[in-house]
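Student: Sharing data.txt here; it has compact mmCIF, C-alpha atoms.
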# COMPACT_ATOMS: atom_id res chain seq x y z
CA MET Q 1 -23.91 -2.61 6.37
CA SER Q 2 -23.13 -2.25 2.65
CA ASP Q 3 -24.18 -5.04 0.29
CA ALA Q 4 -21.32 -4.21 -2.08
CA PRO Q 5 -19.10 -7.25 -2.76
CA THR Q 6 -15.51 -7.36 -1.57
CA LEU Q 7 -13.31 -5.93 -4.30
CA VAL Q 8 -11.06 -8.37 -6.12
CA LYS Q 9 -7.39 -7.50 -5.63
CA CYS Q 10 -5.98 -10.27 -7.82
CA LEU Q 11 -7.47 -12.27 -10.72
CA VAL Q 12 -5.79 -15.62 -11.43
CA TRP Q 13 -6.11 -16.74 -15.06
CA ASP Q 14 -6.06 -20.20 -16.56
CA LEU Q 15 -4.50 -20.15 -20.02
CA ASP Q 16 -5.81 -22.82 -22.41
CA ASN Q 17 -9.27 -21.89 -23.73
CA THR Q 18 -9.54 -19.19 -21.07
CA LEU Q 19 -7.00 -16.45 -21.63
CA TRP Q 20 -6.28 -17.66 -25.15
CA ARG Q 21 -8.25 -19.74 -27.61
CA GLY Q 22 -6.73 -23.17 -28.14
CA THR Q 23 -4.60 -25.68 -26.22
CA LEU Q 24 -0.91 -24.88 -26.23
CA LEU Q 25 0.37 -28.49 -26.25
CA GLU Q 26 -2.08 -29.67 -28.94
CA ASP Q 27 -2.79 -26.82 -31.34
CA HIS Q 28 -0.46 -25.35 -33.92
CA GLU Q 29 -1.40 -21.85 -32.82
CA VAL Q 30 -3.28 -20.20 -29.95
CA VAL Q 31 -5.03 -16.84 -30.27
CA LEU Q 32 -5.61 -14.04 -27.78
CA PRO Q 33 -9.03 -12.50 -28.49
CA GLU Q 34 -9.08 -8.72 -28.50
CA GLU Q 35 -11.84 -8.61 -25.88
CA ILE Q 36 -9.60 -10.59 -23.51
CA ARG Q 37 -6.69 -8.28 -24.20
CA ARG Q 38 -8.91 -5.30 -23.39
CA THR Q 39 -10.00 -6.96 -20.14
CA ILE Q 40 -6.40 -7.57 -19.10
CA VAL Q 41 -5.38 -3.98 -19.83
CA GLU Q 42 -8.42 -2.47 -18.12
CA LEU Q 43 -8.09 -4.54 -14.94
CA ASP Q 44 -4.43 -3.55 -14.77
CA ALA Q 45 -5.37 0.14 -15.11
CA ARG Q 46 -7.80 -0.26 -12.20
CA GLY Q 47 -5.05 -1.58 -9.94
CA ILE Q 48 -6.23 -5.20 -9.96
CA LEU Q 49 -3.24 -7.54 -10.08
CA GLN Q 50 -3.32 -10.55 -12.40
CA ALA Q 51 -1.56 -13.89 -12.18
CA VAL Q 52 -1.57 -17.25 -13.96
CA ALA Q 53 -2.37 -20.76 -12.73
CA SER Q 54 -2.01 -23.14 -15.66
CA LYS Q 55 -1.20 -26.81 -16.23
CA ASN Q 56 1.39 -26.37 -18.94
CA ASP Q 57 5.10 -26.43 -19.59
CA HIS Q 58 6.33 -23.25 -17.88
CA ASP Q 59 8.88 -22.06 -20.43
CA HIS Q 60 6.65 -22.77 -23.42
CA ALA Q 61 3.62 -21.03 -21.87
CA TRP Q 62 5.57 -17.99 -20.74
CA GLN Q 63 7.15 -17.62 -24.17
CA GLN Q 64 3.65 -17.67 -25.64
CA LEU Q 65 2.48 -14.93 -23.25
CA GLU Q 66 5.50 -12.87 -24.30
CA ALA Q 67 4.76 -13.47 -27.98
CA LEU Q 68 1.18 -12.30 -27.43
CA GLY Q 69 2.46 -9.13 -25.75
CA VAL Q 70 0.81 -9.63 -22.35
CA ALA Q 71 3.44 -11.34 -20.19
CA GLU Q 72 4.28 -8.07 -18.45
CA TYR Q 73 0.77 -7.87 -16.97
CA PHE Q 74 1.15 -10.99 -14.81
CA VAL Q 75 2.79 -11.39 -11.41
CA LEU Q 76 3.78 -14.62 -9.66
CA PRO Q 77 2.85 -17.00 -12.50
CA ARG Q 78 2.32 -20.60 -11.42
CA ILE Q 79 2.68 -22.75 -14.53
CA GLY Q 80 3.26 -26.46 -13.96
CA TRP Q 81 1.42 -29.66 -13.19
CA HIS Q 82 0.33 -29.35 -9.57
CA PRO Q 83 -3.28 -28.68 -8.46
CA LYS Q 84 -4.57 -25.20 -9.23
CA SER Q 85 -5.79 -24.79 -5.65
CA ARG Q 86 -2.15 -24.97 -4.60
CA SER Q 87 -1.18 -22.40 -7.26
CA VAL Q 88 -3.92 -19.99 -6.17
CA LYS Q 89 -2.86 -20.29 -2.52
CA GLU Q 90 0.80 -19.70 -3.38
CA ILE Q 91 -0.12 -16.59 -5.37
CA ALA Q 92 -2.28 -15.21 -2.54
CA ASP Q 93 0.47 -15.89 0.00
CA GLY Q 94 3.12 -14.33 -2.24
CA LEU Q 95 1.05 -11.16 -2.51
CA ASN Q 96 0.01 -11.27 1.17
CA PHE Q 97 -3.64 -11.10 0.06
CA ALA Q 98 -6.57 -12.67 1.85
CA LEU Q 99 -8.17 -15.40 -0.26
CA LYS Q 100 -11.48 -13.53 -0.20
CA THR Q 101 -9.84 -10.84 -2.36
CA VAL Q 102 -8.69 -13.36 -4.99
CA ALA Q 103 -10.69 -14.54 -8.03
CA PHE Q 104 -9.99 -17.46 -10.37
CA ILE Q 105 -11.15 -17.92 -13.97
CA ASP Q 106 -11.03 -21.22 -15.86
CA ASP Q 107 -12.95 -22.92 -18.67
CA GLN Q 108 -13.01 -26.30 -16.90
CA PRO Q 109 -15.78 -26.87 -14.30
CA ALA Q 110 -13.63 -29.51 -12.59
CA GLU Q 111 -10.76 -27.05 -12.10
CA ARG Q 112 -13.09 -24.39 -10.70
CA ALA Q 113 -14.64 -26.97 -8.37
CA GLU Q 114 -11.21 -28.10 -7.15
CA VAL Q 115 -10.22 -24.54 -6.27
CA ALA Q 116 -13.60 -23.81 -4.66
CA HIS Q 117 -13.42 -26.98 -2.58
CA HIS Q 118 -10.05 -26.10 -1.04
CA HIS Q 119 -10.59 -22.32 -0.93
CA PRO Q 120 -14.30 -21.49 -0.69
CA GLU Q 121 -13.47 -17.78 -0.18
CA VAL Q 122 -12.01 -17.56 -3.70
CA ARG Q 123 -14.56 -16.42 -6.29
CA CYS Q 124 -14.47 -18.68 -9.35
CA PHE Q 125 -15.63 -17.59 -12.81
CA ASP Q 126 -16.37 -19.49 -16.00
CA ALA Q 127 -14.09 -18.46 -18.86
CA ALA Q 128 -17.21 -17.55 -20.86
CA LEU Q 129 -17.50 -14.47 -18.60
CA ALA Q 130 -13.94 -13.23 -19.19
CA ALA Q 131 -14.92 -10.31 -21.43
CA GLU Q 132 -17.62 -9.22 -18.94
CA LEU Q 133 -15.49 -9.03 -15.80
CA THR Q 134 -14.81 -5.31 -16.05
CA GLY Q 135 -18.54 -4.65 -15.75
CA LEU Q 136 -18.93 -6.55 -12.49
CA PRO Q 137 -18.96 -4.62 -9.19
CA GLU Q 138 -16.26 -6.77 -7.59
CA PHE Q 139 -13.85 -5.63 -10.32
CA SER Q 140 -14.94 -1.97 -10.23
CA PRO Q 141 -13.27 0.15 -7.52
CA ALA Q 142 -15.11 3.40 -6.84
CA VAL Q 143 -11.87 5.40 -7.11
CA VAL Q 144 -8.67 4.55 -8.98
CA THR Q 145 -5.79 6.29 -7.21
CA VAL Q 146 -2.45 7.11 -8.77
CA ASP Q 147 -0.90 4.25 -6.81
CA ALA Q 148 -3.61 1.83 -7.94
CA ALA Q 149 -2.90 2.55 -11.60
CA ARG Q 150 0.76 1.56 -11.09
CA ARG Q 151 0.21 -1.18 -8.52
CA ARG Q 152 1.45 -3.98 -10.74
CA SER Q 153 4.75 -2.26 -11.49
CA MET Q 154 5.23 -1.52 -7.78
CA TYR Q 155 4.71 -5.18 -6.89
CA GLN Q 156 7.06 -6.32 -9.63
CA ALA Q 157 9.70 -3.91 -8.33
CA GLY Q 158 9.07 -5.27 -4.85
CA PHE Q 159 9.72 -8.84 -5.97
CA ARG Q 160 13.03 -7.81 -7.54
CA ARG Q 161 13.93 -5.90 -4.39
CA THR Q 162 13.14 -8.88 -2.17
CA ALA Q 163 15.14 -11.25 -4.37
CA GLU Q 164 18.19 -9.01 -4.18
CA ARG Q 165 17.80 -8.63 -0.42
CA GLU Q 166 17.78 -12.40 0.01
CA GLU Q 167 21.04 -12.66 -1.93
CA PHE Q 168 22.72 -9.74 -0.14
CA THR Q 169 25.33 -10.97 2.32
CA GLY Q 170 26.10 -7.77 4.22
CA PRO Q 171 24.26 -6.11 7.13
CA ASP Q 172 20.75 -4.71 6.65
CA GLU Q 173 21.94 -1.10 6.86
CA ALA Q 174 24.38 -1.67 4.01
CA PHE Q 175 21.60 -3.14 1.87
CA LEU Q 176 19.31 -0.20 2.61
CA ARG Q 177 22.08 2.21 1.62
CA SER Q 178 22.50 0.33 -1.65
CA LEU Q 179 18.86 1.00 -2.54
CA ASP Q 180 19.31 4.78 -2.95
CA LEU Q 181 16.10 5.38 -0.99
CA VAL Q 182 14.40 8.76 -1.30
CA MET Q 183 11.50 9.76 0.96
CA GLU Q 184 9.38 12.66 -0.28
CA ILE Q 185 7.15 14.44 2.21
CA LYS Q 186 4.74 16.92 0.65
CA ARG Q 187 1.62 18.86 1.45
CA ALA Q 188 -1.45 16.97 0.29
CA ASP Q 189 -3.44 18.29 -2.64
CA ASP Q 190 -6.64 17.20 -4.37
CA ALA Q 191 -4.86 14.45 -6.29
CA ASP Q 192 -3.64 12.91 -3.01
CA LEU Q 193 -6.93 12.88 -1.14
CA SER Q 194 -8.23 9.48 -2.19
CA ARG Q 195 -4.96 7.80 -1.23
CA VAL Q 196 -4.78 9.68 2.10
CA GLU Q 197 -8.35 8.64 2.91
CA GLU Q 198 -7.51 5.07 1.96
CA LEU Q 199 -4.46 5.04 4.25
CA THR Q 200 -6.46 6.30 7.23
CA LEU Q 201 -9.11 3.65 6.55
CA ARG Q 202 -7.02 0.58 5.76
CA THR Q 203 -3.82 1.01 7.74
CA SER Q 204 -4.26 -0.59 11.16
CA GLN Q 205 -0.94 -1.96 12.41
CA MET Q 206 0.92 1.30 11.79
CA ASN Q 207 -1.90 3.73 12.57
CA ALA Q 208 -1.44 5.61 15.83
CA THR Q 209 -5.13 6.22 16.51
CA GLY Q 210 -7.32 4.19 14.16
CA VAL Q 211 -9.26 7.40 13.44
CA TYR Q 212 -10.72 7.62 9.93
CA TYR Q 213 -10.70 10.98 8.15
CA SER Q 214 -13.15 11.35 5.28
CA ASP Q 215 -12.64 13.34 2.10
CA VAL Q 216 -14.67 16.19 3.63
CA ASP Q 217 -12.56 16.18 6.82
CA LEU Q 218 -9.33 16.20 4.85
CA ARG Q 219 -10.38 19.04 2.55
CA ALA Q 220 -11.29 21.16 5.56
CA LEU Q 221 -7.93 20.50 7.21
CA ILE Q 222 -5.96 21.19 4.02
CA ALA Q 223 -7.67 24.57 3.81
CA ASP Q 224 -6.92 25.40 7.46
CA PRO Q 225 -3.62 27.32 7.90
CA GLU Q 226 -3.34 25.93 11.43
CA HIS Q 227 -3.11 22.36 10.15
CA GLU Q 228 -0.88 20.36 7.84
CA VAL Q 229 -1.92 17.25 5.94
CA LEU Q 230 1.27 15.65 4.67
CA THR Q 231 1.71 12.68 2.35
CA VAL Q 232 4.77 10.47 2.27
CA SER Q 233 6.10 8.53 -0.70
CA LEU Q 234 9.18 6.36 -1.08
CA THR Q 235 11.25 5.44 -4.13
CA ASP Q 236 14.47 3.53 -4.70
CA ARG Q 237 16.51 2.28 -7.61
CA PHE Q 238 13.97 -0.48 -8.27
CA GLY Q 239 11.10 1.97 -8.61
CA PRO Q 240 8.37 3.63 -6.53
CA HIS Q 241 6.88 2.19 -3.36
CA GLY Q 242 4.03 4.66 -3.85
CA ALA Q 243 2.27 6.57 -1.10
CA VAL Q 244 3.38 5.00 2.17
CA GLY Q 245 2.30 7.41 4.89
CA VAL Q 246 0.22 10.33 6.05
CA LEU Q 247 0.73 12.86 8.86
CA LEU Q 248 -1.82 15.29 10.26
CA VAL Q 249 -0.28 18.09 12.33
CA GLY Q 250 -2.02 20.91 14.21
CA TYR Q 251 -0.11 24.06 15.13
CA HIS Q 252 -0.31 25.69 18.57
CA GLU Q 253 1.81 28.37 20.21
CA ARG Q 254 3.93 26.12 22.41
CA VAL Q 255 3.28 22.67 21.02
CA TRP Q 256 2.61 20.96 17.70
CA HIS Q 257 -0.06 18.32 17.76
CA LEU Q 258 0.54 15.15 15.74
CA LYS Q 259 -3.10 14.06 15.39
CA LEU Q 260 -2.42 11.18 13.03
CA LEU Q 261 0.53 9.17 11.85
CA ALA Q 262 -0.18 6.20 9.60
CA THR Q 263 2.37 4.34 7.53
CA SER Q 264 2.06 1.33 5.27
CA CYS Q 265 3.22 -1.99 6.67
CA ARG Q 266 5.08 -2.48 3.37
CA VAL Q 267 7.83 -0.08 4.45
CA VAL Q 268 8.29 -1.09 8.09
CA SER Q 269 11.49 -2.95 7.20
CA PHE Q 270 12.90 0.24 5.65
CA GLY Q 271 12.56 2.16 8.91
CA ALA Q 272 10.14 4.66 7.36
CA GLY Q 273 8.27 5.35 10.60
CA ALA Q 274 11.41 6.23 12.53
CA VAL Q 275 12.66 8.48 9.72
CA LEU Q 276 9.33 10.32 9.63
CA LEU Q 277 9.22 10.86 13.38
CA ASP Q 278 12.83 12.06 13.55
CA TRP Q 279 12.17 14.52 10.73
CA LEU Q 280 9.05 15.90 12.41
CA ILE Q 281 10.79 16.17 15.76
CA GLY Q 282 13.62 18.09 14.10
CA GLU Q 283 11.13 20.50 12.51
CA ALA Q 284 9.47 21.08 15.89
CA ALA Q 285 12.89 21.70 17.47
CA ALA Q 286 13.69 24.29 14.79
CA ALA Q 287 10.41 26.04 15.61
CA GLY Q 288 11.17 25.93 19.37
CA VAL Q 289 8.02 23.99 20.29
CA HIS Q 290 7.20 20.74 22.03
CA LEU Q 291 5.57 17.86 20.18
CA ALA Q 292 2.50 15.96 21.37
CA ALA Q 293 1.15 12.91 19.57
CA ASP Q 294 -2.26 11.31 19.76
CA PHE Q 295 -2.26 7.62 20.55
CA ARG Q 296 -5.14 5.24 21.00
CA ARG Q 297 -4.48 1.57 21.66
CA THR Q 298 -6.15 -0.84 19.30
CA ASP Q 299 -5.84 -4.61 19.03
CA ARG Q 300 -3.33 -4.22 16.19
CA ASN Q 301 -1.18 -1.08 16.62
CA ARG Q 302 1.30 -2.18 19.26
CA MET Q 303 4.10 -1.53 16.74
CA MET Q 304 3.16 2.15 16.60
CA GLU Q 305 3.29 2.51 20.37
CA ILE Q 306 6.79 1.03 20.32
CA ALA Q 307 7.80 3.43 17.53
CA TYR Q 308 6.68 6.41 19.60
CA ARG Q 309 8.61 5.23 22.65
CA PHE Q 310 11.77 4.61 20.63
CA ALA Q 311 11.46 8.16 19.28
CA GLY Q 312 11.40 9.52 22.84
CA PHE Q 313 7.70 10.16 23.44
CA THR Q 314 6.42 9.53 26.97
CA ASP Q 315 3.09 9.81 28.74
CA ALA Q 316 4.52 12.36 31.21
CA ALA Q 317 2.44 15.49 31.81
CA CYS Q 318 3.48 18.93 30.51
CA ASP Q 319 1.92 22.38 30.90
CA CYS Q 320 1.75 22.75 27.12
CA LEU Q 321 -0.89 20.01 26.92
CA ALA Q 322 -3.47 22.16 28.71
CA GLU Q 323 -3.41 24.62 25.82
CA LEU Q 324 -3.67 21.78 23.35
CA ARG Q 325 -6.60 20.09 25.11
CA SER Q 326 -8.56 23.32 25.25
CA ALA Q 327 -7.95 24.22 21.61
CA ASP Q 328 -8.71 20.74 20.31
CA ALA Q 329 -11.89 20.45 22.32
CA ASP Q 330 -13.22 23.48 20.44
CA ALA Q 331 -11.85 22.50 17.04
CA ASP Q 332 -12.99 18.88 17.16
CA ALA Q 333 -16.49 19.46 18.49
CA GLY Q 334 -18.82 17.77 16.06
CA ALA Q 335 -16.13 17.06 13.47
CA ALA Q 336 -16.59 13.74 11.73
CA GLY Q 337 -13.67 11.38 12.15
CA SER Q 338 -12.15 13.41 14.98
CA GLY Q 339 -13.70 11.84 18.07
CA ARG Q 340 -11.31 11.87 21.03
CA ALA Q 341 -12.66 8.88 22.94
CA GLY Q 342 -9.83 6.70 24.18
CA ILE Q 343 -7.07 8.91 22.78
CA GLU Q 344 -4.07 9.63 25.00
CA PHE Q 345 -1.23 12.11 24.55
CA ARG Q 346 2.41 11.16 24.06
CA HIS Q 347 4.76 14.09 24.63
CA LEU Q 348 8.38 15.04 24.09
CA VAL Q 349 10.58 18.11 24.18
CA ALA Q 350 11.76 18.35 20.58
CA ASP Q 351 15.46 18.15 19.79
CA ARG Q 352 17.55 18.06 16.65
CA ARG Q 353 18.08 14.55 15.27
CA PRO Q 354 20.92 13.29 13.08
CA ALA Q 355 20.11 12.92 9.39
CA PRO Q 356 19.17 9.35 8.45
CA THR Q 357 21.98 7.24 7.06
CA THR Q 358 19.94 5.06 4.72
CA VAL Q 359 17.52 7.47 3.03
CA ARG Q 360 17.43 10.99 1.64
CA VAL Q 361 14.48 13.03 2.87
CA ASP Q 362 12.99 15.72 0.63
CA ALA Q 363 10.49 17.74 2.64
CA PRO Q 364 9.09 21.23 3.22
CA ALA Q 365 9.86 23.42 6.21
CA LEU Q 366 6.96 23.29 8.67
CA GLY Q 367 5.23 25.95 10.74
CA PRO Q 368 2.16 28.21 10.50
CA VAL Q 369 4.16 30.81 8.58
CA ALA Q 370 6.15 28.30 6.54
CA SER Q 371 2.93 26.67 5.35
CA THR Q 372 2.45 29.47 2.80
CA GLY Q 373 6.03 29.36 1.59
CA SER Q 374 7.92 27.10 -0.77
CA ALA Q 375 9.10 23.59 -0.03
CA GLY Q 376 12.63 22.98 1.04
CA SER Q 377 14.71 19.88 1.61
CA THR Q 378 15.98 18.29 4.78
CA GLY Q 379 17.93 15.20 5.61
CA GLY Q 380 20.39 13.61 3.24
CA ALA Q 381 21.66 10.39 1.79
CA GLY Q 382 23.69 8.40 4.25
CA ALA Q 383 27.35 7.98 3.60
What is this file in structure tokens?
Tutor:
Amino acid sequence: MSDAPTLVKCLVWDLDNTLWRGTLLEDHEVVLPEEIRRTIVELDARGILQAVASKNDHDHAWQQLEALGVAEYFVLPRIGWHPKSRSVKEIADGLNFALKTVAFIDDQPAERAEVAHHHPEVRCFDAALAAELTGLPEFSPAVVTVDAARRRSMYQAGFRRTAEREEFTGPDEAFLRSLDLVMEIKRADDADLSRVEELTLRTSQMNATGVYYSDVDLRALIADPEHEVLTVSLTDRFGPHGAVGVLLVGYHERVWHLKLLATSCRVVSFGAGAVLLDWLIGEAAAAGVHLAADFRRTDRNRMMEIAYRFAGFTDAACDCLAELRSADADADAGAAGSGRAGIEFRHLVADRRPAPTTVRVDAPALGPVASTGSAGSTGGAGA
């Protein structure tokens, strides 16, 4: 087992004599040291979210953060007079982060002790270490993906999206239409690999098999004309959701083999999984082939089994599966990340599906021949 510490996903800052020098309610002026500014900017670039837990007047403190030019870097600020343990918990809950992925920095030993007492999983740091945080392993991800570098802006867009959804009085479908959702499906390239690997590793509730594909596995499949590795991203008028899904498809004469479908839980409420499956089924129908999907039950992916059944997949036998079993037994022999233990087939006879009404889908045409051609576009914005 690795001794590497759990990476910090969110750092919660105190303000007085921690983020800035001075006490806002007592001093004529507070100062943001340049080394602290550099720390804030660098952590943001690494995809580590930052928040504030401070005992101060909210409006006054936020105006000061704006005047110092760093307010934009902070999500879910908790500035008031309640215990900081409560603020840290509210921030973690608002981000849906486990407390073990949250860190807290404060100049006051009593404040650090109060947070540590209520939340022992939270790592607490003395403000004297603020300029050194970027050199610590828990703040140093091995790879910074494209999505990581823009994680803060994606979360901020998500908060605005959620606020508008809560105020929207019409049906869910009408709200989704108002978002101007665009789903882009594209063939993975080198720049996508780290995010694809991350999705296969971290996504559990919406992962059809729980199989992990390494960088080496993925590169081999991308280079194989009989396979497709497809990435899925989603944007709307609030901004990007980032990479939200990955599909791994193997081509056979009579059947296409969906070896992996994993989507982020963040986009379940947008119906992303159903849109993806309907698009793939339509592509298989256009090619005149059946579609078979791998499925392996885990303790967390019940939602994916339901998604397959709603799309029309069954566990009924079909002659086409014999060809698929034989071919995959040869192809997967000894391949890392491709073990078949516990995996079952779900099968359907592909048919054309109506275009989605809430999202426009931009995607390539699929097929062994199409894989060397140019991308096209399918689907359309709902009316």
Student: Check the smallest atom-to-atom distance from each of Q:Arg300, Q:Arg195, Q:Lys186, Q:Arg346 to Q:Val255 using all atoms listed in the file, then report the winner.
Tutor: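 Of all the options, Q:Arg346 lies closest to Q:Val255.
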Student: Identify which of the residues Q:Ser85, Q:Gln50, Q:Asn17, Q:Ser326 lies closest to Q:Ala127, counting all atoms listed in the file when measuring atom-to-atom distances.
Tutor: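 So, comparing all the options, the nearest one is Q:Asn17.
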Student: For Q:Arg296, find every residue with an atom within 9 Å (counting only C-alpha atoms), except residues of its own chain fewer than 4 positions away, and show them as a PyMOL selection string.
Tutor: chain Q and resi 208-211+301+305+341-345
Student: Could you name the residues that touch stretch 109-117 of chain Q at 10 Å or less, counting all atoms listed in the file, but leaving out those on the same chain fewer than 5 positions away, as a list in words?
Tutor: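 Result of the neighbour search: Asp14, Pro83, Lys84, Ser85, Arg86, Ser87, Val88, Lys89, Phe104, Val122, Arg123, Cys124, Phe125, Asp126 and Ala127 of chain Q.
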Student: Which is closest to Q:Ala61 among Q:Gly47, Q:Pro137, Q:Gly80, Q:Gly271, if we use all atoms listed in the file?
Tutor: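 Among the listed residues, the smallest separation from Q:Ala61 belongs to Q:Gly80.
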Student: Excluding same-chain residues fewer than 6 positions from Q:Leu221, what lies within 10 Å of it counting all atoms listed in the file, as a list of chain:residue names?
Tutor: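 Result of the neighbour search: Q:Tyr213, Q:Asp215, Q:His227, Q:Glu228, Q:Val229, Q:Leu248, Q:Val249, Q:Gly250.
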Student: Let me make sure I understand: among Q:Ala191, Q:Val41, Q:Phe238, Q:Pro364, which one has the smallest atom-to-atom distance to Q:Arg165 if we use all atoms listed in the file?
Tutor: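 Residue with the minimum atom-to-atom distance to Q:Arg165: Q:Phe238.
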Student: Can you tell me how far atom CA of Q:Glu121 sits from atom CA of Q:Ile91, in Å to one decimal?
Tutor: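 These atoms are spaced 14.4 Å apart.
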Student: Tell me, as a ChimeraX atom specification, which residues lie within 6 Å of stretch 290-293 of chain Q, counting all atoms listed in the file; anything in the same chain fewer than 5 positions away does not count.
Tutor: /Q:255-258,345-350
Student: Between Q:Val244, Q:Glu253, Q:Leu99, Q:Gly367, single out the one closest to Q:Gly282, counting all atoms listed in the file.
Tutor: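 With all atoms listed in the file as the atom set, the closest residue is Q:Gly367.
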Student: Would you compute the distance between atom CA of Q:Leu32 and atom CA of Q:Leu68? Give it in Å to one decimal.
Tutor: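 Pair atom CA of Q:Leu32 / atom CA of Q:Leu68 returns 7.0 Å.
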Student: So which residues touch Q:Gly22 within 7 Å, counting all atoms listed in the file, skipping near sequence neighbours fewer than 6 positions away, as a PyMOL selection string?
Tutor: chain Q and resi 16+30-31
Student: Please compute the atom CA of Q:Arg325-atom CA of Q:Asp224 distance, one decimal, in Å.
Tutor: 18.4 Å
Student: N, CA, C and O atoms for stretch 134-149 of chain Q, written as a tab-separated table (two decimals), keeping the file's coordinate frame, could you do that?
Tutor:
chain	number	residue	atom	x	y	z
Q	134	THR	N	-14.99	-6.72	-16.38
Q	134	THR	CA	-14.81	-5.31	-16.05
Q	134	THR	C	-16.13	-4.61	-15.73
Q	134	THR	O	-16.12	-3.50	-15.19
Q	135	GLY	N	-17.25	-5.23	-16.07
Q	135	GLY	CA	-18.54	-4.65	-15.75
Q	135	GLY	C	-19.12	-5.11	-14.44
Q	135	GLY	O	-20.17	-4.62	-14.02
Q	136	LEU	N	-18.43	-6.02	-13.75
Q	136	LEU	CA	-18.93	-6.55	-12.49
Q	136	LEU	C	-18.47	-5.67	-11.33
Q	136	LEU	O	-17.36	-5.14	-11.34
Q	137	PRO	N	-19.32	-5.52	-10.30
Q	137	PRO	CA	-18.96	-4.62	-9.19
Q	137	PRO	C	-17.70	-5.03	-8.44
Q	137	PRO	O	-16.97	-4.18	-7.94
Q	138	GLU	N	-17.44	-6.33	-8.34
Q	138	GLU	CA	-16.26	-6.77	-7.59
Q	138	GLU	C	-14.95	-6.43	-8.30
Q	138	GLU	O	-13.87	-6.51	-7.70
Q	139	PHE	N	-15.05	-6.05	-9.58
Q	139	PHE	CA	-13.85	-5.63	-10.32
Q	139	PHE	C	-13.89	-4.13	-10.63
Q	139	PHE	O	-13.14	-3.67	-11.49
Q	140	SER	N	-14.72	-3.39	-9.91
Q	140	SER	CA	-14.94	-1.97	-10.23
Q	140	SER	C	-14.75	-1.10	-9.00
Q	140	SER	O	-15.72	-0.72	-8.34
Q	141	PRO	N	-13.49	-0.75	-8.66
Q	141	PRO	CA	-13.27	0.15	-7.52
Q	141	PRO	C	-13.90	1.51	-7.77
Q	141	PRO	O	-13.93	2.00	-8.91
Q	142	ALA	N	-14.43	2.10	-6.70
Q	142	ALA	CA	-15.11	3.40	-6.84
Q	142	ALA	C	-14.14	4.48	-7.28
Q	142	ALA	O	-14.50	5.39	-8.04
Q	143	VAL	N	-12.90	4.40	-6.79
Q	143	VAL	CA	-11.87	5.40	-7.11
Q	143	VAL	C	-10.60	4.67	-7.51
Q	143	VAL	O	-10.21	3.70	-6.84
Q	144	VAL	N	-9.97	5.10	-8.57
Q	144	VAL	CA	-8.67	4.55	-8.98
Q	144	VAL	C	-7.61	5.59	-8.66
Q	144	VAL	O	-7.53	6.63	-9.31
Q	145	THR	N	-6.82	5.34	-7.62
Q	145	THR	CA	-5.79	6.29	-7.21
Q	145	THR	C	-4.58	6.19	-8.13
Q	145	THR	O	-4.44	5.24	-8.92
Q	146	VAL	N	-3.69	7.15	-7.99
Q	146	VAL	CA	-2.45	7.11	-8.77
Q	146	VAL	C	-1.67	5.84	-8.46
Q	146	VAL	O	-1.14	5.17	-9.37
Q	147	ASP	N	-1.62	5.47	-7.19
Q	147	ASP	CA	-0.90	4.25	-6.81
Q	147	ASP	C	-1.57	3.01	-7.37
Q	147	ASP	O	-0.90	2.05	-7.76
Q	148	ALA	N	-2.90	2.99	-7.41
Q	148	ALA	CA	-3.61	1.83	-7.94
Q	148	ALA	C	-3.25	1.60	-9.40
Q	148	ALA	O	-3.03	0.47	-9.84
Q	149	ALA	N	-3.18	2.67	-10.17
Q	149	ALA	CA	-2.90	2.55	-11.60
Q	149	ALA	C	-1.50	1.99	-11.87
Q	149	ALA	O	-1.26	1.43	-12.95
